[in-house]
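Working notes, beginning with the structure itself.
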Protein chains: 4
Amino acid sequence: MQNLFPKQPVITLSAGPVAAYPRVLQAMSGPVHYDYDTYFQTFYEAVSRKLARALKTDQIPLILHYEPAVGLEAASASLIGADDVVLNLASGVYGKGFGYWAARTAKAVHEVEVPYNDSITADQVAEALRNRPETTVVSMVHHDTPSGTINSAREIGKVVRDHGALLLIDAVSSFGGMDIHPGDCFADIFVTGPSKCLGGSPGLTTIAVSERAWQHIEANPATPRASVLSLLDWKNAWRKEEGFPYTPSVSEVNGLDAVLDQYLDEGPEKVWQRHALTSSACRAGIKAMGLSLWAAREEIASPTTTAVAVPEGMSDEEILAVTRKRFGVVFSRGRGDTLEKLIRIGHMGPVAEPSYAIIAVTALGGALREMGHKADVAAGVEACMAVIAAQAD
Amino acid sequence: MQNLFPKQPVITLSAGPVAAYPRVLQAMSGPVHYDYDTYFQTFYEAVSRKLARALKTDQIPLILHYEPAVGLEAASASLIGADDVVLNLASGVYGKGFGYWAARTAKAVHEVEVPYNDSITADQVAEALRNRPETTVVSMVHHDTPSGTINSAREIGKVVRDHGALLLIDAVSSFGGMDIHPGDCFADIFVTGPSKCLGGSPGLTTIAVSERAWQHIEANPATPRASVLSLLDWKNAWRKEEGFPYTPSVSEVNGLDAVLDQYLDEGPEKVWQRHALTSSACRAGIKAMGLSLWAAREEIASPTTTAVAVPEGMSDEEILAVTRKRFGVVFSRGRGDTLEKLIRIGHMGPVAEPSYAIIAVTALGGALREMGHKADVAAGVEACMAVIAAQAD
Amino acid sequence: MQNLFPKQPVITLSAGPVAAYPRVLQAMSGPVHYDYDTYFQTFYEAVSRKLARALKTDQIPLILHYEPAVGLEAASASLIGADDVVLNLASGVYGKGFGYWAARTAKAVHEVEVPYNDSITADQVAEALRNRPETTVVSMVHHDTPSGTINSAREIGKVVRDHGALLLIDAVSSFGGMDIHPGDCFADIFVTGPSKCLGGSPGLTTIAVSERAWQHIEANPATPRASVLSLLDWKNAWRKEEGFPYTPSVSEVNGLDAVLDQYLDEGPEKVWQRHALTSSACRAGIKAMGLSLWAAREEIASPTTTAVAVPEGMSDEEILAVTRKRFGVVFSRGRGDTLEKLIRIGHMGPVAEPSYAIIAVTALGGALREMGHKADVAAGVEACMAVIAAQAD
Amino acid sequence: MQNLFPKQPVITLSAGPVAAYPRVLQAMSGPVHYDYDTYFQTFYEAVSRKLARALKTDQIPLILHYEPAVGLEAASASLIGADDVVLNLASGVYGKGFGYWAARTAKAVHEVEVPYNDSITADQVAEALRNRPETTVVSMVHHDTPSGTINSAREIGKVVRDHGALLLIDAVSSFGGMDIHPGDCFADIFVTGPSKCLGGSPGLTTIAVSERAWQHIEANPATPRASVLSLLDWKNAWRKEEGFPYTPSVSEVNGLDAVLDQYLDEGPEKVWQRHALTSSACRAGIKAMGLSLWAAREEIASPTTTAVAVPEGMSDEEILAVTRKRFGVVFSRGRGDTLEKLIRIGHMGPVAEPSYAIIAVTALGGALREMGHKADVAAGVEACMAVIAAQAD
């Protein structure tokens, strides 16, 4: 039966889930220990502490046993109460979407929204907070994956902290691929996960929660308890004495441990540098080939995903069908409002390596040509190579 | 650092999560495919159909990407609306617990409750339905794991169907270890998962939903959408055209595929037979050793978990510490109301083999002796062996 | 400590061992069964029969538990006796090397030798056999890996069979990557292994032995017994009744099973086609970039390895250090007489995919440039792409 | 097809290959790196050095890429030249067998032979050396696995060193399960491997060679070169500058690395203690059950294998068929002269845990009973338990 399946992809350059590092896959095949056994409990605490090291937090972050979209829903439901006024920053589909969750429990939600190929400035946030000083929570997506664009978390974080509101950041597809941590951007809730830049498998959310945020959550009478949406249920789950509110995904925790080893052993700076170089080479190649980046300005293009505007009159789906068939290369389409408008080339985890920028340019260029669109692949590759060559040792 | 950890257990005889089959662990190390790629989508559909075969359902069951406790919360939230009157059957901690979830959205919840070493009869259910004919939903736990006892799903299911209410069954720790399927017991929602009797890893819920239940859910104005609690979001996720409401846990799906192959290739009857024989040998050994089963009557003792009453004046925690230290054997404690009162010996998946009944008897007996309690281990082992020997080929 | 290691390669395009298919790696983590247990014996027979299917032989081929270089030594020692006159065909380092093994036990060895960038014709073989009609064994390497060149096994095989001598073929790095089987070329001993074109791990040899060859071996009084060099010890090892002369490499057999499934499930024709397309694109790119193929004529260049002449005055070692450092790409150097003269780009198993031809061209071209050598990478990539595009569906 | 296979064993208590530790299986699924790449070469050196640590040698031991029976053949062929007079110690089938290899190249072989349920004393060796003072090499098997008996390597080693001959020791099934290292017993060649007490997969030999032995080998004009039988080819293979004489079994080396980590991280003393306790409990159980140990005296019974005499008139094969069918437990039969006379219960690697002694006793006792033989299983289990209980913390 297996051979009636479509052929497996040769190279996956998606915006996540991404191909996992070999070390992670090996760890996933480790024993499934009983969650109440002392070995697993000790291991769980060790992984939680390792996670704190990666996130550079003093407090032990939470490991939640579902993917980060759920983690964001849970964070919203847990943090945002009936007295909260939320400023939601929407520079893309995910940012916009968060607002709907926030609205479920908030007193009010107001937004700064920009076109989905642009990003939000600290000034815009400052102004919004001046207009609605009663704002208690600000929510933002650091890298709005469906657009491949970055909001400047550090600057915005400073503005929010100065104002005094709590800041919730979705850093799911940026953390691990660039220099961003909760402390860098005054995030009170910082949501990320192993299956994007860290090269793990999807199935977990990792969340850093500040002491201020815990106080807010604990003071929220409607914060969920005995529920998948509860952060509070898991606050001390890493402690042996506590026990887990429900069964953790043992194999995913095995994988997370390896994900963190991979990241910390290679060295975070080196990992970020790989992501930066690969995306930079990729963007150069895309432009030289005669295509347009989706991002309004290259400075806001993510180092972990390159969004390319679909040439006029062409179908993203058909393009991707050709890159897959001819080159075995898989890219991502857009989502929601960006669907059909852009193609996303992921540079995350093990494929954040310059050779894959070349693969991306040639596969995309080759597909466009096959469909009758002019694409200067030679120029694209040369531009890629120039970026790679220019890199100092 | 690894060697500062406690020693890993030698043999895990827990009530789940359980040690996974080797085949499953191998599958867990398979590639993490991009969820929107055609290969993964085809694979996901194939796994979903294989699951239907295992569950003997015509409709494609759901795969949800968190463990079954969450699956039960989601099922409750999705199914039970403001007009529903729920009869909750509580013969144990899990049954009781479900009632709290049901109460969040139901118009009213009434219960049949029995002591947690007993089980509920079809007559009791019939009477409760006669008393409250407006009941629209009945919820029950087939095997209430914290008690190791079985409710007679077939008989109760018949009564509920005759009445017309929808029936939600938690078969998490019974399915795969004994002959029970949604159709056998007229279940409209039948919740199970891979990490108990099927010998998989925790991290997924599998749910069979009847056409009647879908209609009820779709008619429920408060059924969650765009939420981790939504069943409806996932109804057609197995279809390529649909796409997933959020990222599935790719590696866990790889594991589920192997779980189902393991079960179907070995042959369900043979798997059930292994569970039955092992538990039967274990109970014989426990009794012969001079200990008491927790279950009020042996007929209601689960074939997948043997709950043993903690001898008077002894501490379950200390007993388990000795079985682990001296024999490397891990058992489960009770939960909630059964905590400290019983010890649970799991017979699930790869350890549903008679040799492990002997291990359980000797480790438990040996620990009791070491703590000064009389236990006739020799008699226990002989009783075990007699059951094993009596088995026809 | 792990992080004091050099960085792991990003993409390995070696002439073998090659990166294994994921399916094979998963199988390698399977249980180590006891070799005398009935399960493993049944499995071993099944793998042996599957191997026969892949090799298209009626007789069950041997699985030997060391890599193919040892397999060739063993085949030589087993087959060639004190009465044998051997014609050894030497078109490369491996062909030449076999002659030394043959000389250890043969009455006499005579050779056809050609420059190591060329191949041997059937006419040359016919003439050599006419000159030495007493020749009883002919030995040849189908793909002399250190040169990346192919001898025409079918034509030569016909000549040898017409003459009546036994034919021993080293098809280690060709089988699985092109259409060649023992029966196609009248091979009496056909040596291959899983870690080249089949994308497995190194550690096994697979040998097809004809009935004629077995008779010759059995008639050889000096054929090794109770020795690692004995083929005869293993003749019937696949039969349960026999038992193994020494312990088989259980995990490697697990891997071989997956290797064969991978090959047979994908379909051999498709696998060969991938190898052909990738090498063809690669050669086009290499030439367009201004480099020279090592092979005297492109027709004799192997579809599984492209050997590129090292530009005058340059060091192969330095070039490869740059491809690895800048692009993470690993190639092979030459061996023996071809060392320092050529660079080998492997197209074997999972990397026999056209995208890797592009990677090879850009990494090699980029490295040459960085070292000051002119390389028209743009032209190279365009030539690659043209071959890929020209392929009919 | 898989399900037409016999059922996989539940618990393997063989004399090797044994079930591997989970950590080893995970490592086996790691990437297959190219052997000439700098990463693998660095890794290979690191594993070689780790092996030196485990063997407590100053010199880097060899890793050879086939199982230890081949390693012994190679050691014999490499070390023993035409001027060597060999004293071969034969207390079992493997010891006897080594003499045949030695005789292939030695000037003369003389032997001390004792019944295969006994062991050889240092006095016997001293006397043999006095009788043949020209002896240059002594060969012995530390644990003759087909008999489950131990020769006193330390005392014999001292006698041999005092005489001045070289000592070759087969420690394949003792190293890692008890306190024995090359330096402890003045071994010049010490052959072992990962798939017995270390709980790895079969496919490698590890050999420690003393400086004296290297000098002897280098002075042996007939020592094999360019051959699988050559030790010298591999002498410096761990050095990057050297390169491998043929392709190493990459995945097996990945496994060996994990094997050594497992051993060193747990702590060798603890590992030996587990083996000692398990075998001691097993022997007590066997005797109490009314069966006889094969070993003439319990002091010479191996801590890594318990050989049990087959009761008169019974068939070992039938007994093992019942233990497997009824209990899923696999034991080993004898070999050669011990075949049909004894049953071997392995205590190696992950199953060197007291619970498995109980399993062994009950499975063997249960099978005997089923076949009509009286076996006091209760007494056997109680005797086992008494040994376990007596162990100080």
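Letters A, B, ... mark the chains of the structure tokens in the order given; residue numbers begin at 1 per chain; ligand numbers begin at 1, in order shown.
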Can I get the residues of region 13-33 of chain D within 10 Å of region 251-256 of chain C, each with the closest pair of atoms and their distance in Å to one decimal, using only C-alpha atoms, sorted chain first then ascending number, as JSON lines?
```
{"residue": "D:Leu25", "atom": "CA", "partner": "C:Ser251", "partner_atom": "CA", "distance": 9.0}
{"residue": "D:Met28", "atom": "CA", "partner": "C:Ser251", "partner_atom": "CA", "distance": 8.1}
{"residue": "D:Ser29", "atom": "CA", "partner": "C:Gly255", "partner_atom": "CA", "distance": 9.7}
```
What does the file look like for those residues with all heavy atoms, as a PDB file, in the first residue's frame?
```pdb
ATOM      1  N   LEU D  25      19.836   1.232  20.856  1.00  0.00           N
ATOM      2  CA  LEU D  25      18.951   1.163  19.685  1.00  0.00           C
ATOM      3  C   LEU D  25      18.732   2.555  19.108  1.00  0.00           C
ATOM      4  O   LEU D  25      18.705   2.740  17.890  1.00  0.00           O
ATOM      5  CB  LEU D  25      17.617   0.517  20.065  1.00  0.00           C
ATOM      6  CG  LEU D  25      17.729  -0.950  20.493  1.00  0.00           C
ATOM      7  CD1 LEU D  25      16.355  -1.488  20.857  1.00  0.00           C
ATOM      8  CD2 LEU D  25      18.340  -1.802  19.385  1.00  0.00           C
ATOM      9  N   MET D  28      21.674   3.508  17.092  1.00  0.00           N
ATOM     10  CA  MET D  28      21.757   2.764  15.818  1.00  0.00           C
ATOM     11  C   MET D  28      20.967   3.455  14.710  1.00  0.00           C
ATOM     12  O   MET D  28      21.188   3.183  13.533  1.00  0.00           O
ATOM     13  CB  MET D  28      21.205   1.349  15.994  1.00  0.00           C
ATOM     14  CG  MET D  28      21.941   0.470  16.977  1.00  0.00           C
ATOM     15  SD  MET D  28      23.624   0.014  16.476  1.00  0.00           S
ATOM     16  CE  MET D  28      23.274  -1.062  15.083  1.00  0.00           C
ATOM     17  N   SER D  29      20.000   4.271  15.084  1.00  0.00           N
ATOM     18  CA  SER D  29      19.215   4.965  14.055  1.00  0.00           C
ATOM     19  C   SER D  29      19.820   6.319  13.712  1.00  0.00           C
ATOM     20  O   SER D  29      19.209   7.119  12.999  1.00  0.00           O
ATOM     21  CB  SER D  29      17.759   5.109  14.504  1.00  0.00           C
ATOM     22  OG  SER D  29      17.653   6.071  15.519  1.00  0.00           O
TER      23      SER D  29
END
```
Residue hits in chain C, query chain A, radius 8 Å, only C-alpha atoms, as a PyMOL selection string: chain C and resi 2-3+10+265-266+326-328+353-355+358-359+363+366+370+377-379+381-382+385+388-389
Nearby residues (only C-alpha atoms) at most 6 Å from region 125-138 of chain C, same-chain spacing under 4 positions excluded, as a ChimeraX atom specification: /C:84-88,165-167
Restricting it to N, CA and C atoms, dump the selection as a short mmCIF file (atom, residue, chain, number, x, y, z; two decimals), in the first residue's frame.
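Final output, selection-v9.cif:
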```cif
data_model
loop_
_atom_site.label_atom_id
_atom_site.label_comp_id
_atom_site.auth_asym_id
_atom_site.auth_seq_id
_atom_site.Cartn_x
_atom_site.Cartn_y
_atom_site.Cartn_z
N ASP C 84 43.31 -22.69 -10.87
CA ASP C 84 42.60 -21.66 -11.64
C ASP C 84 43.55 -20.65 -12.29
N VAL C 85 43.23 -20.37 -13.53
CA VAL C 85 43.90 -19.27 -14.25
C VAL C 85 42.88 -18.16 -14.35
N VAL C 86 43.27 -17.01 -13.84
CA VAL C 86 42.32 -15.90 -13.71
C VAL C 86 42.67 -14.80 -14.69
N LEU C 87 41.65 -14.35 -15.39
CA LEU C 87 41.80 -13.12 -16.18
C LEU C 87 41.20 -11.99 -15.35
N ASN C 88 42.02 -11.08 -14.95
CA ASN C 88 41.54 -9.96 -14.14
C ASN C 88 41.46 -8.71 -15.00
N ALA C 165 34.45 -19.71 -18.97
CA ALA C 165 35.03 -19.39 -17.65
C ALA C 165 33.94 -18.89 -16.71
N LEU C 166 34.27 -18.94 -15.45
CA LEU C 166 33.37 -18.38 -14.44
C LEU C 166 33.61 -16.87 -14.37
N LEU C 167 32.55 -16.14 -14.08
CA LEU C 167 32.69 -14.68 -14.04
C LEU C 167 32.33 -14.16 -12.65
#
```
All alpha helix (DSSP H) positions in region 179-308 of chain C, as a PyMOL selection string: chain C and resi 211-219+250-266+268-288
I'd like the neighbourhood of His33 (chain B) as an mmCIF file with N, CA, C and O atoms, in the first residue's frame, where a residue qualifies if any of its atoms comes within 8 Å (using only C-alpha atoms), though same-chain residues fewer than 4 positions away should be ignored.
```cif
data_model
loop_
_atom_site.group_PDB
_atom_site.id
_atom_site.type_symbol
_atom_site.label_atom_id
_atom_site.label_comp_id
_atom_site.auth_asym_id
_atom_site.auth_seq_id
_atom_site.Cartn_x
_atom_site.Cartn_y
_atom_site.Cartn_z
ATOM 1 N N THR A 12 12.289 19.402 2.376
ATOM 2 C CA THR A 12 11.163 20.185 2.881
ATOM 3 C C THR A 12 11.664 21.543 3.361
ATOM 4 O O THR A 12 12.464 21.624 4.289
ATOM 5 N N PRO A 17 5.434 22.547 10.311
ATOM 6 C CA PRO A 17 6.527 21.781 10.891
ATOM 7 C C PRO A 17 7.638 21.534 9.877
ATOM 8 O O PRO A 17 7.379 21.408 8.679
ATOM 9 N N VAL A 18 8.841 21.468 10.414
ATOM 10 C CA VAL A 18 10.018 21.289 9.578
ATOM 11 C C VAL A 18 10.631 19.918 9.848
ATOM 12 O O VAL A 18 10.320 19.282 10.850
ATOM 13 N N ALA A 19 11.493 19.527 8.928
ATOM 14 C CA ALA A 19 12.252 18.286 9.137
ATOM 15 C C ALA A 19 13.023 18.418 10.438
ATOM 16 O O ALA A 19 13.662 19.436 10.685
ATOM 17 N N ASP B 37 1.833 18.915 3.142
ATOM 18 C CA ASP B 37 2.339 18.221 1.969
ATOM 19 C C ASP B 37 1.433 17.038 1.642
ATOM 20 O O ASP B 37 0.867 16.398 2.530
ATOM 21 N N TYR B 39 2.070 14.101 0.738
ATOM 22 C CA TYR B 39 2.440 12.807 1.316
ATOM 23 C C TYR B 39 1.817 12.652 2.700
ATOM 24 O O TYR B 39 1.178 11.651 3.002
ATOM 25 N N PHE B 40 1.999 13.656 3.536
ATOM 26 C CA PHE B 40 1.464 13.546 4.893
ATOM 27 C C PHE B 40 -0.051 13.481 4.873
ATOM 28 O O PHE B 40 -0.668 12.740 5.649
ATOM 29 N N VAL B 250 2.807 15.325 14.207
ATOM 30 C CA VAL B 250 3.226 14.439 13.113
ATOM 31 C C VAL B 250 3.848 13.138 13.625
ATOM 32 O O VAL B 250 3.496 12.045 13.174
#
```
Mind checking which residues fall within 12 Å of Glu45 (chain A), counting only C-alpha atoms, ignoring those fewer than 6 positions away in the same chain, and posting them as an mmCIF file with C-alpha atoms, in the first residue's frame?
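Resulting contents of part.cif:
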```
data_model
loop_
_atom_site.group_PDB
_atom_site.id
_atom_site.type_symbol
_atom_site.label_atom_id
_atom_site.label_comp_id
_atom_site.auth_asym_id
_atom_site.auth_seq_id
_atom_site.Cartn_x
_atom_site.Cartn_y
_atom_site.Cartn_z
ATOM 1 C CA ASP A 35 4.920 9.801 33.985
ATOM 2 C CA THR A 38 10.713 9.074 39.629
ATOM 3 C CA TYR A 39 12.946 8.709 36.585
ATOM 4 C CA LEU A 51 14.413 25.113 28.604
ATOM 5 C CA ALA A 52 14.896 27.959 31.065
ATOM 6 C CA ILE A 60 10.957 27.533 34.996
ATOM 7 C CA PRO A 61 8.909 27.801 31.785
ATOM 8 C CA LEU A 62 5.917 25.589 31.120
ATOM 9 C CA ILE A 63 5.862 22.675 28.737
ATOM 10 C CA ASN A 236 4.372 23.667 39.208
ATOM 11 C CA ALA A 237 4.046 20.489 37.206
ATOM 12 C CA TRP A 238 7.813 20.308 36.833
ATOM 13 C CA ARG A 239 8.094 19.697 40.574
ATOM 14 C CA LYS A 240 8.122 16.068 41.622
ATOM 15 C CA GLU A 241 5.834 16.715 44.557
ATOM 16 C CA GLU A 242 3.124 18.093 42.295
ATOM 17 C CA GLY A 243 2.359 15.629 39.585
ATOM 18 C CA PHE A 244 0.917 16.393 36.205
ATOM 19 C CA VAL A 253 9.399 15.528 25.960
ATOM 20 C CA ASP A 257 15.318 17.374 25.493
ATOM 21 C CA PHE B 5 19.311 10.634 37.537
#
```
Long-range neighbours of region 225-235 of chain C as an MDAnalysis selection string, 9 Å cut-off, only C-alpha atoms, 2 positions minimum in chain: (chainID C and resid 60:64 70:71 73:79 214 217:218 222:223 237:238 244:246) or (chainID D and resid 69:70 73:74 101 228:229)
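In this model, the gap between CA of Gly164 (chain D) and CA of Asp58 (chain D) comes to 20.8 Å.
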For CA of Val209 (chain B) and CA of Val191 (chain B), the interatomic separation in Å (one decimal):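 So the answer is 8.8 Å.
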